[in-house]
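Below is the file work-v4.cif, which contains mmCIF, N, CA and C atoms.
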```cif
data_entry
#
loop_
_atom_site.group_PDB
_atom_site.id
_atom_site.type_symbol
_atom_site.label_atom_id
_atom_site.label_comp_id
_atom_site.auth_asym_id
_atom_site.auth_seq_id
_atom_site.Cartn_x
_atom_site.Cartn_y
_atom_site.Cartn_z
ATOM 1 N N MET A 2 -5.467 19.452 2.995
ATOM 2 C CA MET A 2 -4.357 19.701 2.127
ATOM 3 C C MET A 2 -3.039 19.293 2.802
ATOM 4 N N LEU A 3 -2.886 19.642 4.069
ATOM 5 C CA LEU A 3 -1.673 19.250 4.793
ATOM 6 C C LEU A 3 -1.582 17.738 4.934
ATOM 7 N N SER A 4 -2.710 17.126 5.223
ATOM 8 C CA SER A 4 -2.735 15.678 5.392
ATOM 9 C C SER A 4 -2.335 14.974 4.092
ATOM 10 N N ARG A 5 -2.828 15.474 2.988
ATOM 11 C CA ARG A 5 -2.494 14.887 1.685
ATOM 12 C C ARG A 5 -0.999 15.026 1.398
ATOM 13 N N GLN A 6 -0.443 16.194 1.714
ATOM 14 C CA GLN A 6 0.990 16.409 1.493
ATOM 15 C C GLN A 6 1.816 15.449 2.346
ATOM 16 N N LEU A 7 1.415 15.255 3.593
ATOM 17 C CA LEU A 7 2.139 14.325 4.460
ATOM 18 C C LEU A 7 2.033 12.896 3.945
ATOM 19 N N THR A 8 0.865 12.534 3.454
ATOM 20 C CA THR A 8 0.694 11.206 2.868
ATOM 21 C C THR A 8 1.633 11.038 1.676
ATOM 22 N N ASN A 9 1.711 12.051 0.827
ATOM 23 C CA ASN A 9 2.612 11.990 -0.325
ATOM 24 C C ASN A 9 4.076 11.917 0.103
ATOM 25 N N LEU A 10 4.440 12.644 1.164
ATOM 26 C CA LEU A 10 5.810 12.577 1.675
ATOM 27 C C LEU A 10 6.134 11.173 2.172
ATOM 28 N N LEU A 11 5.189 10.559 2.869
ATOM 29 C CA LEU A 11 5.394 9.190 3.357
ATOM 30 C C LEU A 11 5.526 8.211 2.196
ATOM 31 N N LEU A 12 4.696 8.379 1.174
ATOM 32 C CA LEU A 12 4.773 7.503 0.001
ATOM 33 C C LEU A 12 6.114 7.663 -0.714
ATOM 34 N N ALA A 13 6.562 8.890 -0.862
ATOM 35 C CA ALA A 13 7.844 9.138 -1.530
ATOM 36 C C ALA A 13 8.993 8.556 -0.722
ATOM 37 N N GLN A 14 8.913 8.687 0.587
ATOM 38 C CA GLN A 14 9.979 8.181 1.450
ATOM 39 C C GLN A 14 10.042 6.656 1.420
ATOM 40 N N SER A 15 8.888 6.025 1.265
ATOM 41 C CA SER A 15 8.849 4.565 1.262
ATOM 42 C C SER A 15 9.225 3.975 -0.097
ATOM 43 N N GLY A 16 9.337 4.838 -1.104
ATOM 44 C CA GLY A 16 9.705 4.358 -2.428
ATOM 45 C C GLY A 16 8.516 4.051 -3.318
ATOM 46 N N SER A 17 7.319 4.266 -2.818
ATOM 47 C CA SER A 17 6.116 4.029 -3.609
ATOM 48 C C SER A 17 5.925 5.162 -4.615
ATOM 49 N N HIS A 18 5.494 4.817 -5.809
ATOM 50 C CA HIS A 18 5.281 5.842 -6.833
ATOM 51 C C HIS A 18 3.884 6.435 -6.753
ATOM 52 N N ALA A 19 2.913 5.677 -6.322
ATOM 53 C CA ALA A 19 1.547 6.127 -6.035
ATOM 54 C C ALA A 19 0.988 7.159 -7.013
ATOM 55 N N LYS A 20 1.085 6.884 -8.284
ATOM 56 C CA LYS A 20 0.507 7.741 -9.314
ATOM 57 C C LYS A 20 1.003 9.184 -9.251
ATOM 58 N N LEU A 21 2.258 9.346 -8.943
ATOM 59 C CA LEU A 21 2.845 10.680 -8.903
ATOM 60 C C LEU A 21 3.711 10.888 -10.138
ATOM 61 N N ALA A 22 3.691 12.095 -10.645
ATOM 62 C CA ALA A 22 4.546 12.431 -11.782
ATOM 63 C C ALA A 22 6.007 12.395 -11.330
ATOM 64 N N PRO A 23 6.916 12.107 -12.241
ATOM 65 C CA PRO A 23 8.333 12.043 -11.868
ATOM 66 C C PRO A 23 8.846 13.322 -11.193
ATOM 67 N N TRP A 24 8.414 14.482 -11.680
ATOM 68 C CA TRP A 24 8.867 15.731 -11.066
ATOM 69 C C TRP A 24 8.328 15.869 -9.641
ATOM 70 N N GLN A 25 7.094 15.383 -9.406
ATOM 71 C CA GLN A 25 6.531 15.424 -8.053
ATOM 72 C C GLN A 25 7.326 14.515 -7.124
ATOM 73 N N LEU A 26 7.627 13.339 -7.612
ATOM 74 C CA LEU A 26 8.366 12.365 -6.815
ATOM 75 C C LEU A 26 9.746 12.897 -6.428
ATOM 76 N N THR A 27 10.407 13.566 -7.359
ATOM 77 C CA THR A 27 11.720 14.149 -7.071
ATOM 78 C C THR A 27 11.624 15.191 -5.963
ATOM 79 N N LYS A 28 10.647 16.080 -6.062
ATOM 80 C CA LYS A 28 10.478 17.123 -5.043
ATOM 81 C C LYS A 28 10.079 16.524 -3.699
ATOM 82 N N LEU A 29 9.170 15.562 -3.722
ATOM 83 C CA LEU A 29 8.714 14.947 -2.475
ATOM 84 C C LEU A 29 9.835 14.175 -1.787
ATOM 85 N N ARG A 30 10.670 13.498 -2.553
ATOM 86 C CA ARG A 30 11.799 12.768 -1.948
ATOM 87 C C ARG A 30 12.771 13.732 -1.277
ATOM 88 N N ALA A 31 13.028 14.861 -1.918
ATOM 89 C CA ALA A 31 13.927 15.857 -1.322
ATOM 90 C C ALA A 31 13.327 16.408 -0.030
ATOM 91 N N GLN A 32 12.034 16.667 -0.040
ATOM 92 C CA GLN A 32 11.368 17.186 1.162
ATOM 93 C C GLN A 32 11.313 16.136 2.262
ATOM 94 N N SER A 33 11.008 14.906 1.901
ATOM 95 C CA SER A 33 10.847 13.859 2.913
ATOM 96 C C SER A 33 12.172 13.476 3.568
ATOM 97 N N ALA A 34 13.281 13.779 2.903
ATOM 98 C CA ALA A 34 14.594 13.453 3.473
ATOM 99 C C ALA A 34 14.879 14.261 4.739
ATOM 100 N N ARG A 35 14.154 15.340 4.930
ATOM 101 C CA ARG A 35 14.350 16.198 6.108
ATOM 102 C C ARG A 35 13.657 15.660 7.351
ATOM 103 N N TRP A 36 12.822 14.648 7.189
ATOM 104 C CA TRP A 36 12.010 14.129 8.288
ATOM 105 C C TRP A 36 12.169 12.618 8.394
ATOM 106 N N SER A 37 12.076 12.096 9.598
ATOM 107 C CA SER A 37 12.056 10.643 9.759
ATOM 108 C C SER A 37 10.633 10.157 9.490
ATOM 109 N N GLU A 38 10.515 8.883 9.225
ATOM 110 C CA GLU A 38 9.188 8.312 8.998
ATOM 111 C C GLU A 38 8.316 8.480 10.239
ATOM 112 N N ALA A 39 8.893 8.286 11.407
ATOM 113 C CA ALA A 39 8.142 8.429 12.660
ATOM 114 C C ALA A 39 7.624 9.856 12.836
ATOM 115 N N GLN A 40 8.437 10.844 12.474
ATOM 116 C CA GLN A 40 8.004 12.236 12.588
ATOM 117 C C GLN A 40 6.838 12.530 11.647
ATOM 118 N N LEU A 41 6.924 12.038 10.421
ATOM 119 C CA LEU A 41 5.846 12.262 9.460
ATOM 120 C C LEU A 41 4.551 11.588 9.906
ATOM 121 N N ILE A 42 4.662 10.375 10.423
ATOM 122 C CA ILE A 42 3.474 9.665 10.904
ATOM 123 C C ILE A 42 2.864 10.394 12.090
ATOM 124 N N HIS A 43 3.704 10.852 13.016
ATOM 125 C CA HIS A 43 3.208 11.589 14.181
ATOM 126 C C HIS A 43 2.499 12.875 13.745
ATOM 127 N N PHE A 44 3.098 13.607 12.830
ATOM 128 C CA PHE A 44 2.512 14.838 12.320
ATOM 129 C C PHE A 44 1.157 14.547 11.671
ATOM 130 N N HIS A 45 1.088 13.500 10.868
ATOM 131 C CA HIS A 45 -0.165 13.119 10.214
ATOM 132 C C HIS A 45 -1.223 12.752 11.252
ATOM 133 N N ASP A 46 -0.845 11.972 12.249
ATOM 134 C CA ASP A 46 -1.786 11.588 13.311
ATOM 135 C C ASP A 46 -2.330 12.810 14.039
ATOM 136 N N GLU A 47 -1.468 13.773 14.297
ATOM 137 C CA GLU A 47 -1.904 14.996 14.985
ATOM 138 C C GLU A 47 -2.859 15.808 14.113
ATOM 139 N N LEU A 48 -2.624 15.831 12.813
ATOM 140 C CA LEU A 48 -3.543 16.527 11.914
ATOM 141 C C LEU A 48 -4.914 15.859 11.899
ATOM 142 N N VAL A 49 -4.931 14.535 11.931
ATOM 143 C CA VAL A 49 -6.200 13.800 11.982
ATOM 144 C C VAL A 49 -6.935 14.126 13.276
ATOM 145 N N ARG A 50 -6.203 14.192 14.391
ATOM 146 C CA ARG A 50 -6.808 14.526 15.680
ATOM 147 C C ARG A 50 -7.405 15.933 15.650
ATOM 148 N N ILE A 51 -6.656 16.886 15.120
ATOM 149 C CA ILE A 51 -7.143 18.265 15.025
ATOM 150 C C ILE A 51 -8.379 18.335 14.142
ATOM 151 N N ASP A 52 -8.359 17.631 13.028
ATOM 152 C CA ASP A 52 -9.506 17.601 12.121
ATOM 153 C C ASP A 52 -10.745 17.068 12.837
ATOM 154 N N TYR A 53 -10.585 15.975 13.562
ATOM 155 C CA TYR A 53 -11.713 15.390 14.292
ATOM 156 C C TYR A 53 -12.246 16.365 15.344
ATOM 157 N N GLN A 54 -11.339 16.942 16.124
ATOM 158 C CA GLN A 54 -11.767 17.852 17.189
ATOM 159 C C GLN A 54 -12.480 19.079 16.626
ATOM 160 N N THR A 55 -11.985 19.592 15.529
ATOM 161 C CA THR A 55 -12.597 20.767 14.917
ATOM 162 C C THR A 55 -13.992 20.444 14.389
ATOM 163 N N LYS A 56 -14.124 19.324 13.708
ATOM 164 C CA LYS A 56 -15.410 18.961 13.113
ATOM 165 C C LYS A 56 -16.433 18.485 14.132
ATOM 166 N N SER A 57 -15.960 17.908 15.240
ATOM 167 C CA SER A 57 -16.891 17.400 16.255
ATOM 168 C C SER A 57 -17.196 18.442 17.327
ATOM 169 N N GLY A 58 -16.479 19.556 17.303
ATOM 170 C CA GLY A 58 -16.719 20.607 18.280
ATOM 171 C C GLY A 58 -16.189 20.289 19.665
ATOM 172 N N THR A 59 -15.212 19.397 19.758
ATOM 173 C CA THR A 59 -14.680 19.004 21.066
ATOM 174 C C THR A 59 -13.468 19.837 21.480
ATOM 175 N N THR A 60 -13.235 20.933 20.799
ATOM 176 C CA THR A 60 -12.144 21.833 21.163
ATOM 177 C C THR A 60 -12.664 23.260 21.221
ATOM 178 N N LYS A 61 -12.079 24.038 22.085
ATOM 179 C CA LYS A 61 -12.460 25.446 22.186
ATOM 180 C C LYS A 61 -11.576 26.326 21.308
ATOM 181 N N LEU A 62 -10.518 25.743 20.772
ATOM 182 C CA LEU A 62 -9.576 26.491 19.947
ATOM 183 C C LEU A 62 -9.989 26.448 18.484
ATOM 184 N N ASP A 63 -9.703 27.528 17.763
ATOM 185 C CA ASP A 63 -9.986 27.504 16.335
ATOM 186 C C ASP A 63 -8.880 26.739 15.604
ATOM 187 N N LEU A 64 -9.123 26.445 14.349
ATOM 188 C CA LEU A 64 -8.198 25.626 13.562
ATOM 189 C C LEU A 64 -6.808 26.259 13.474
ATOM 190 N N THR A 65 -6.757 27.551 13.232
ATOM 191 C CA THR A 65 -5.470 28.234 13.104
ATOM 192 C C THR A 65 -4.644 28.112 14.373
ATOM 193 N N THR A 66 -5.280 28.301 15.509
ATOM 194 C CA THR A 66 -4.578 28.198 16.788
ATOM 195 C C THR A 66 -4.070 26.782 17.015
ATOM 196 N N GLN A 67 -4.894 25.791 16.701
ATOM 197 C CA GLN A 67 -4.476 24.400 16.869
ATOM 198 C C GLN A 67 -3.278 24.067 15.984
ATOM 199 N N LEU A 68 -3.302 24.541 14.746
ATOM 200 C CA LEU A 68 -2.178 24.289 13.838
ATOM 201 C C LEU A 68 -0.917 25.012 14.305
ATOM 202 N N ASP A 69 -1.080 26.224 14.812
ATOM 203 C CA ASP A 69 0.074 26.953 15.360
ATOM 204 C C ASP A 69 0.701 26.185 16.517
ATOM 205 N N ILE A 70 -0.125 25.685 17.417
ATOM 206 C CA ILE A 70 0.369 24.919 18.566
ATOM 207 C C ILE A 70 1.070 23.648 18.092
ATOM 208 N N LEU A 71 0.476 22.973 17.123
ATOM 209 C CA LEU A 71 1.085 21.757 16.580
ATOM 210 C C LEU A 71 2.470 22.052 16.004
ATOM 211 N N LEU A 72 2.574 23.096 15.218
ATOM 212 C CA LEU A 72 3.862 23.428 14.609
ATOM 213 C C LEU A 72 4.905 23.815 15.649
ATOM 214 N N VAL A 73 4.502 24.560 16.657
ATOM 215 C CA VAL A 73 5.446 24.928 17.721
ATOM 216 C C VAL A 73 5.940 23.678 18.434
ATOM 217 N N ASN A 74 5.032 22.754 18.721
ATOM 218 C CA ASN A 74 5.417 21.517 19.405
ATOM 219 C C ASN A 74 6.309 20.631 18.539
ATOM 220 N N LEU A 75 6.031 20.556 17.256
ATOM 221 C CA LEU A 75 6.807 19.687 16.377
ATOM 222 C C LEU A 75 8.160 20.279 16.001
ATOM 223 N N LEU A 76 8.190 21.576 15.818
ATOM 224 C CA LEU A 76 9.421 22.211 15.354
ATOM 225 C C LEU A 76 10.280 22.757 16.483
ATOM 226 N N GLY A 77 9.699 22.794 17.665
ATOM 227 C CA GLY A 77 10.451 23.246 18.843
ATOM 228 C C GLY A 77 10.596 24.694 18.830
#
```
Taking this structure as input, can you express it in the form of structure tokens?
Amino acid sequence: MLSRQLTNLLLAQSGSHAKLAPWQLTKLRAQSARWSEAQLIHFHDELVRIDYQTKSGTTKLDLTTQLDILLVNLLG
């Protein structure tokens, strides 16, 4: 769900309509204005990494802990 939202934020920021309703596009553009494209891409990449580690069992941390750490690192 988070990954999909980040993808939509990137699409809105790039100007792509990507089958989004006008009201969705308006909200996504307002949200995406708070982040740079590089930040959104980095956040998405980290979510993909967490997803892989969780599903492959290569981490000792649970999903909630990993997401908490990610947010602390990204938001400072």
### Message
Please expand the PyMOL selection byres (((chain A and resi 15 and name CA) around 12) and name CA) into the concrete residues it hits in this file, giving the result as a list in words.
### Response
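So the PyMOL selection byres (((chain A and resi 15 and name CA) around 12) and name CA) ends up selecting Thr8, Asn9, Leu10, Leu11, Leu12, Ala13, Gln14, Gly16, Ser17, His18, Ala19, Leu26, Leu29, Arg30, Ser33, Ala34, Ser37, Glu38 and Leu41 of chain A.
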### Task
Pull out every residue that the PyMOL selection byres ((chain A and resi 67-77) around 8) matches in the shown coordinates and put them as an NGL selection string.
:A and (44 or 47-48 or 51 or 62-66)
### Task
If you run DSSP over the backbone, which residues in stretch 26-74 of chain A end up alpha helix (DSSP H)? Put them as a PyMOL selection string.
chain A and resi 26-33+38-57+64-74
### Task
Please indicate the distance in Å from atom CA of A:Asp52 to atom CA of A:Leu21, rounded to one decimal place.
25.3 Å
### d(atom N of A:Trp24, atom CA of A:Trp36) in Å
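Straight-line distance from atom N of A:Trp24 to atom CA of A:Trp36 works out to 20.3 Å.
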### Query
Could you state the separation of atom C of A:Gln40 and atom CA of A:Arg5 in Å, given to one decimal place?
13.9 Å
Once 8 Å is added on each side, what are the centre and the three edge lengths, in Å to one decimal, of the axis-aligned box enclosing the listed atoms of stretch 29-45 of chain A? Present them as AutoDock Vina command-line options.
```
--center_x 6.8 --center_y 12.7 --center_z 5.2 --size_x 32.1 --size_y 24.9 --size_z 33.9
```
